[in-house]
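As structure tokens, the structure follows; a few thoughts come after it.
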Amino acid sequence: MLHLRVVSPPESTADVLTLLREHVGATHLVHFPGAAVQPAGDVVEADVAREATDEILAALCALGIDRGGGITLEQIDTALSDAADLAEDRAPGDGADAVVWEELVARTGEESRLNATYLAFLTIACLLAAVGVITDSPVTIVGAMVVGPEFGPLAALAVGLVRRRFDLVKRASVALGLGFLIAIAITAGGTWLGSLAGLFDANAILGNHTVDFVYKVGPWSLIVAVLAGAAGMLSMTSAKSAALVGVFISVTTVPAAGYIAVAAILGEWVRVLESSVQLLVNIVGIVVAAAVVLLLRNKRNAADDVTRPLSLG
């Protein structure tokens, strides 16, 4: 269930109440006349089944509530109510399969911002990856994968392409491009300082090592990236966020970026190129797979909308 709060202009409140009162996926309807101060209006609250949320939001936006008032959503962790159970049972579809598009756009948009926190996490992840490459430590490489925040912009890129939100595509592209350039540059600086201090030499990445999968590109690199992108987007759209940890661990974007920095400082330009290709393959594979998942889910939702009327009581 999701908690819906609507700030409605007084002239639209009756329509909002009618919509929520008659929709089978809404319950626990509350009305606070004149409670909103800025923007001025009435406050209407309800709990809605996840599978009905996208339909209700579209109807509210059709009433102009997003322009003259406001709409907010919050996740409900626990709902002890027969009315809530009935709303979920009567709403078409399954909550785990429902895509709340506005929620997805807002979430990926927030996670794709190029800010200090994002850069800090990406830089730390690349530094961890560099340490893992130098020390031949798969455990450290896995740690770098988990810390890396790059899946947010990758998901935003897929969402932006599918929904034709080119502002989101631009923001995600900047976060990925500049983010990786800055993180690689800082990691290269740290690697250079470590080399000057005598902590390691070129032999650190020569020969056969356990972590060589970071830069070695092959068909399995693309397969893993595609599967990870599909799993990650399924996780984001079905609210099963725990699966995202598995996605982070399976993708070698950050480790490849860390390897680029180390190999560049040590003058191993062939491996710089190979790592760069590995990074590109992972990015493309994830975005394409995530976009395909969204297109398939969007197509299914559109088919459902055509075959059934607005779910009113």
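Chain lettering (A, B, ...) mirrors the order of the structure tokens, residue numbering begins at 1 for each chain separately, and ligand numbering begins at 1 in order of display.
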Could you list, as a PyMOL selection string, every residue within 12 Å of Asp82 in chain A, counting only C-alpha atoms and ignoring same-chain residues fewer than 5 positions away?
chain A and resi 27-28+87-89
Serialized selection, all heavy atoms, as a compact mmCIF listing (two decimals), in the first residue's frame:
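Saved as out11.txt:
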```
# COMPACT_ATOMS: atom_id res chain seq x y z
N THR A 27 -8.68 3.47 -0.26
CA THR A 27 -9.41 3.30 1.00
C THR A 27 -8.87 4.28 2.02
O THR A 27 -7.93 5.04 1.75
CB THR A 27 -9.30 1.84 1.51
OG1 THR A 27 -10.16 1.65 2.61
CG2 THR A 27 -7.85 1.53 1.91
N HIS A 28 -9.45 4.26 3.23
CA HIS A 28 -9.01 5.15 4.32
C HIS A 28 -9.02 6.62 3.88
O HIS A 28 -8.07 7.35 4.11
CB HIS A 28 -7.62 4.77 4.82
CG HIS A 28 -7.51 3.35 5.30
ND1 HIS A 28 -6.31 2.69 5.38
CD2 HIS A 28 -8.45 2.46 5.72
CE1 HIS A 28 -6.52 1.45 5.83
NE2 HIS A 28 -7.82 1.29 6.04
N ALA A 87 -9.06 -3.47 -0.67
CA ALA A 87 -8.63 -2.60 -1.77
C ALA A 87 -7.56 -3.29 -2.60
O ALA A 87 -7.57 -3.22 -3.84
CB ALA A 87 -8.12 -1.27 -1.22
N GLU A 88 -6.62 -3.97 -1.93
CA GLU A 88 -5.56 -4.67 -2.67
C GLU A 88 -6.11 -5.84 -3.46
O GLU A 88 -5.66 -6.14 -4.55
CB GLU A 88 -4.48 -5.13 -1.70
CG GLU A 88 -3.64 -4.00 -1.13
CD GLU A 88 -2.48 -4.49 -0.30
OE1 GLU A 88 -2.66 -5.48 0.45
OE2 GLU A 88 -1.38 -3.90 -0.38
N ASP A 89 -7.13 -6.53 -2.89
CA ASP A 89 -7.73 -7.66 -3.58
C ASP A 89 -8.53 -7.20 -4.80
O ASP A 89 -8.52 -7.86 -5.85
CB ASP A 89 -8.64 -8.44 -2.63
CG ASP A 89 -7.87 -9.19 -1.56
OD1 ASP A 89 -6.66 -9.43 -1.77
OD2 ASP A 89 -8.45 -9.51 -0.51
```
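Near Val131 in chain A, within 10 Å and counting only C-alpha atoms, sit Ala125, Cys126, Leu127, Leu128, Ala129, Val133, Ile134, Thr135, Asp136, Ser137, Thr140, Ile141, Ala144, Thr187, Thr191, Pro255, Gly258, Tyr259 and Val262 of chain A, not including residues fewer than 2 positions from it in the same chain.
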Can I get the selected residues back with C-alpha atoms, as a tab-separated table (two decimals), in the first residue's frame?
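Saved the output as result-v8.tsv:
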```tsv
chain	number	residue	atom	x	y	z
A	125	ALA	CA	34.45	2.98	-4.82
A	126	CYS	CA	37.09	3.60	-7.51
A	127	LEU	CA	39.82	3.94	-4.87
A	128	LEU	CA	38.71	0.64	-3.32
A	129	ALA	CA	38.77	-0.95	-6.77
A	133	VAL	CA	43.59	-4.42	-8.36
A	134	ILE	CA	46.98	-3.65	-6.82
A	135	THR	CA	46.64	-6.20	-4.00
A	136	ASP	CA	44.86	-8.80	-6.18
A	137	SER	CA	42.00	-8.88	-3.69
A	140	THR	CA	38.06	-5.54	-2.06
A	141	ILE	CA	36.76	-5.51	-5.64
A	144	ALA	CA	33.98	-1.45	-4.49
A	187	THR	CA	42.08	7.56	-8.21
A	191	THR	CA	47.81	5.67	-7.42
A	255	PRO	CA	36.27	-1.94	-10.89
A	258	GLY	CA	39.62	1.78	-10.95
A	259	TYR	CA	41.70	-0.42	-13.23
A	262	VAL	CA	46.00	2.14	-12.02
```
What's around range 278-293 of chain A at 10 Å? Count only C-alpha atoms, leave out sequence neighbours fewer than 3 positions away in its own chain, and write the answer as a ChimeraX atom specification.
/A:150-151,153-163,176,213-219,221-234,237,251-257,259-260,272-275,296-299
Selection to disk with N, CA and C atoms, as a compact mmCIF listing (two decimals), in the first residue's frame:
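Written output follows (out_23.txt):
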```
# COMPACT_ATOMS: atom_id res chain seq x y z
N GLU A 150 26.69 4.00 -9.16
CA GLU A 150 26.45 4.29 -10.58
C GLU A 150 25.18 3.68 -11.14
N PHE A 151 24.57 2.71 -10.44
CA PHE A 151 23.36 2.11 -11.00
C PHE A 151 22.21 3.12 -11.04
N PRO A 153 22.22 6.49 -11.89
CA PRO A 153 22.21 7.17 -13.19
C PRO A 153 21.95 6.23 -14.37
N LEU A 154 22.45 4.99 -14.28
CA LEU A 154 22.19 4.05 -15.37
C LEU A 154 20.70 3.76 -15.49
N ALA A 155 20.04 3.56 -14.34
CA ALA A 155 18.59 3.33 -14.35
C ALA A 155 17.85 4.57 -14.84
N ALA A 156 18.32 5.73 -14.42
CA ALA A 156 17.70 6.98 -14.86
C ALA A 156 17.82 7.15 -16.37
N LEU A 157 18.94 6.75 -16.92
CA LEU A 157 19.15 6.83 -18.37
C LEU A 157 18.13 5.96 -19.11
N ALA A 158 17.91 4.75 -18.59
CA ALA A 158 16.94 3.85 -19.21
C ALA A 158 15.52 4.41 -19.09
N VAL A 159 15.17 4.90 -17.90
CA VAL A 159 13.84 5.48 -17.69
C VAL A 159 13.63 6.68 -18.59
N GLY A 160 14.62 7.55 -18.68
CA GLY A 160 14.51 8.73 -19.52
C GLY A 160 14.32 8.39 -20.99
N LEU A 161 15.02 7.36 -21.47
CA LEU A 161 14.88 6.96 -22.87
C LEU A 161 13.49 6.39 -23.14
N VAL A 162 13.01 5.55 -22.23
CA VAL A 162 11.71 4.91 -22.44
C VAL A 162 10.56 5.91 -22.32
N ARG A 163 10.65 6.81 -21.34
CA ARG A 163 9.58 7.78 -21.11
C ARG A 163 9.78 9.07 -21.91
N LEU A 176 27.07 10.29 -15.07
CA LEU A 176 27.94 9.17 -15.43
C LEU A 176 29.26 9.66 -16.02
N PHE A 213 39.60 -10.41 -14.37
CA PHE A 213 38.28 -10.32 -15.01
C PHE A 213 37.81 -8.87 -15.12
N VAL A 214 38.41 -7.99 -14.33
CA VAL A 214 37.99 -6.59 -14.32
C VAL A 214 38.23 -5.94 -15.68
N TYR A 215 39.33 -6.28 -16.35
CA TYR A 215 39.64 -5.63 -17.62
C TYR A 215 39.48 -6.54 -18.83
N LYS A 216 39.35 -7.84 -18.64
CA LYS A 216 39.23 -8.76 -19.76
C LYS A 216 37.80 -8.75 -20.30
N VAL A 217 37.65 -8.28 -21.53
CA VAL A 217 36.33 -8.16 -22.14
C VAL A 217 36.01 -9.42 -22.93
N GLY A 218 34.80 -9.90 -22.81
CA GLY A 218 34.37 -11.06 -23.56
C GLY A 218 32.86 -11.13 -23.59
N PRO A 219 32.31 -12.15 -24.24
CA PRO A 219 30.85 -12.26 -24.32
C PRO A 219 30.19 -12.35 -22.95
N SER A 221 31.04 -10.78 -20.31
CA SER A 221 30.92 -9.44 -19.74
C SER A 221 29.59 -8.82 -20.13
N LEU A 222 29.24 -8.94 -21.40
CA LEU A 222 27.97 -8.39 -21.88
C LEU A 222 26.79 -9.14 -21.30
N ILE A 223 26.90 -10.47 -21.23
CA ILE A 223 25.80 -11.27 -20.68
C ILE A 223 25.51 -10.89 -19.24
N VAL A 224 26.57 -10.77 -18.45
CA VAL A 224 26.39 -10.40 -17.04
C VAL A 224 25.79 -9.00 -16.93
N ALA A 225 26.26 -8.07 -17.75
CA ALA A 225 25.74 -6.71 -17.71
C ALA A 225 24.26 -6.68 -18.07
N VAL A 226 23.86 -7.43 -19.08
CA VAL A 226 22.46 -7.48 -19.50
C VAL A 226 21.59 -8.07 -18.39
N LEU A 227 22.04 -9.18 -17.83
CA LEU A 227 21.26 -9.81 -16.75
C LEU A 227 21.17 -8.89 -15.53
N ALA A 228 22.27 -8.22 -15.21
CA ALA A 228 22.26 -7.31 -14.07
C ALA A 228 21.34 -6.12 -14.31
N GLY A 229 21.37 -5.58 -15.53
CA GLY A 229 20.49 -4.46 -15.85
C GLY A 229 19.03 -4.84 -15.76
N ALA A 230 18.69 -6.03 -16.26
CA ALA A 230 17.30 -6.50 -16.20
C ALA A 230 16.87 -6.72 -14.75
N ALA A 231 17.75 -7.39 -13.98
CA ALA A 231 17.41 -7.65 -12.58
C ALA A 231 17.29 -6.36 -11.78
N GLY A 232 18.19 -5.42 -12.04
CA GLY A 232 18.14 -4.15 -11.32
C GLY A 232 16.87 -3.37 -11.59
N MET A 233 16.46 -3.31 -12.85
CA MET A 233 15.24 -2.57 -13.18
C MET A 233 14.01 -3.28 -12.66
N LEU A 234 13.99 -4.61 -12.71
CA LEU A 234 12.88 -5.34 -12.11
C LEU A 234 12.78 -5.06 -10.63
N THR A 237 11.34 -1.46 -10.11
CA THR A 237 9.94 -1.28 -10.49
C THR A 237 8.99 -2.13 -9.68
N VAL A 251 28.29 -6.38 -11.36
CA VAL A 251 28.66 -5.47 -12.45
C VAL A 251 30.05 -4.89 -12.21
N THR A 252 30.86 -4.85 -13.27
CA THR A 252 32.26 -4.42 -13.13
C THR A 252 32.48 -3.01 -13.68
N THR A 253 31.52 -2.11 -13.51
CA THR A 253 31.73 -0.74 -13.96
C THR A 253 32.77 -0.03 -13.11
N VAL A 254 32.56 0.04 -11.82
CA VAL A 254 33.50 0.71 -10.93
C VAL A 254 34.87 0.03 -10.92
N PRO A 255 34.95 -1.31 -10.82
CA PRO A 255 36.27 -1.94 -10.89
C PRO A 255 37.02 -1.62 -12.18
N ALA A 256 36.30 -1.57 -13.30
CA ALA A 256 36.95 -1.23 -14.56
C ALA A 256 37.49 0.20 -14.52
N ALA A 257 36.74 1.12 -13.92
CA ALA A 257 37.20 2.51 -13.79
C ALA A 257 38.44 2.58 -12.91
N TYR A 259 40.59 0.19 -12.49
CA TYR A 259 41.70 -0.42 -13.23
C TYR A 259 42.26 0.56 -14.25
N ILE A 260 41.41 1.36 -14.86
CA ILE A 260 41.86 2.37 -15.81
C ILE A 260 42.88 3.31 -15.14
N VAL A 272 44.58 -0.15 -20.19
CA VAL A 272 43.70 1.02 -20.08
C VAL A 272 42.59 0.92 -21.11
N LEU A 273 42.97 0.57 -22.35
CA LEU A 273 41.99 0.44 -23.42
C LEU A 273 41.01 -0.70 -23.13
N GLU A 274 41.54 -1.82 -22.70
CA GLU A 274 40.66 -2.97 -22.41
C GLU A 274 39.70 -2.66 -21.27
N SER A 275 40.18 -2.00 -20.25
CA SER A 275 39.32 -1.63 -19.13
C SER A 275 38.25 -0.62 -19.57
N LEU A 296 8.77 -3.56 -21.96
CA LEU A 296 7.88 -4.71 -21.83
C LEU A 296 6.82 -4.46 -20.76
N ARG A 297 7.22 -3.87 -19.63
CA ARG A 297 6.26 -3.61 -18.57
C ARG A 297 5.30 -2.50 -18.98
N ASN A 298 5.81 -1.52 -19.70
CA ASN A 298 4.95 -0.43 -20.18
C ASN A 298 3.93 -0.95 -21.19
N LYS A 299 4.38 -1.85 -22.06
CA LYS A 299 3.49 -2.43 -23.06
C LYS A 299 2.39 -3.25 -22.40
```
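The space separating CA of His3 in chain A from CA of Gln75 in chain A comes to 6.3 Å.
CA of Arg5 in chain A to CA of Glu45 in chain A spans 4.5 Å [interatomic distance, one decimal].
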If we count only C-alpha atoms, what is near Ser8 in chain A at a cut-off of 7 Å, once residues fewer than 6 positions away on the same chain are taken out, given as a PyMOL selection string?
chain A and resi 41-43+65+69-70
Could you please take those selected residues and save all heavy atoms as a PDB file, in the first residue's frame?
```
ATOM      1  N   GLY A  41      -5.718  25.473  -0.079  1.00  0.00           N
ATOM      2  CA  GLY A  41      -6.696  24.515  -0.572  1.00  0.00           C
ATOM      3  C   GLY A  41      -7.056  23.494   0.473  1.00  0.00           C
ATOM      4  O   GLY A  41      -6.792  23.671   1.672  1.00  0.00           O
ATOM      5  N   ASP A  42      -7.653  22.406   0.027  1.00  0.00           N
ATOM      6  CA  ASP A  42      -8.061  21.317   0.907  1.00  0.00           C
ATOM      7  C   ASP A  42      -7.015  20.203   0.860  1.00  0.00           C
ATOM      8  O   ASP A  42      -6.312  20.033  -0.141  1.00  0.00           O
ATOM      9  CB  ASP A  42      -9.417  20.761   0.481  1.00  0.00           C
ATOM     10  CG  ASP A  42     -10.505  21.820   0.470  1.00  0.00           C
ATOM     11  OD1 ASP A  42     -10.415  22.747   1.311  1.00  0.00           O
ATOM     12  OD2 ASP A  42     -11.413  21.725  -0.374  1.00  0.00           O
ATOM     13  N   VAL A  43      -6.938  19.438   1.946  1.00  0.00           N
ATOM     14  CA  VAL A  43      -6.050  18.281   1.988  1.00  0.00           C
ATOM     15  C   VAL A  43      -6.898  17.018   1.979  1.00  0.00           C
ATOM     16  O   VAL A  43      -7.815  16.869   2.786  1.00  0.00           O
ATOM     17  CB  VAL A  43      -5.150  18.302   3.234  1.00  0.00           C
ATOM     18  CG1 VAL A  43      -4.327  17.007   3.323  1.00  0.00           C
ATOM     19  CG2 VAL A  43      -4.220  19.510   3.200  1.00  0.00           C
ATOM     20  N   ILE A  65      -4.518  18.620 -10.682  1.00  0.00           N
ATOM     21  CA  ILE A  65      -4.089  18.750  -9.281  1.00  0.00           C
ATOM     22  C   ILE A  65      -2.593  19.001  -9.183  1.00  0.00           C
ATOM     23  O   ILE A  65      -2.125  19.724  -8.298  1.00  0.00           O
ATOM     24  CB  ILE A  65      -4.481  17.490  -8.476  1.00  0.00           C
ATOM     25  CG1 ILE A  65      -5.987  17.232  -8.573  1.00  0.00           C
ATOM     26  CG2 ILE A  65      -4.050  17.625  -7.023  1.00  0.00           C
ATOM     27  CD1 ILE A  65      -6.827  18.377  -8.070  1.00  0.00           C
ATOM     28  N   GLY A  69      -2.296  22.317  -7.281  1.00  0.00           N
ATOM     29  CA  GLY A  69      -2.105  21.879  -5.894  1.00  0.00           C
ATOM     30  C   GLY A  69      -0.843  21.056  -5.747  1.00  0.00           C
ATOM     31  O   GLY A  69       0.243  21.515  -6.075  1.00  0.00           O
ATOM     32  N   GLY A  70      -0.994  19.832  -5.298  1.00  0.00           N
ATOM     33  CA  GLY A  70       0.176  18.971  -5.144  1.00  0.00           C
ATOM     34  C   GLY A  70      -0.231  17.553  -4.813  1.00  0.00           C
ATOM     35  O   GLY A  70      -1.316  17.308  -4.268  1.00  0.00           O
TER      36      GLY A  70
END
```
According to DSSP computed on the backbone, where in range 99-310 of chain A is there helix (DSSP H, G or I)? Give the residues as a ChimeraX atom specification.
/A:101-111,116-135,138-147,151-163,166-196,202-204,210-214,219-237,241-250,253-265,269-307
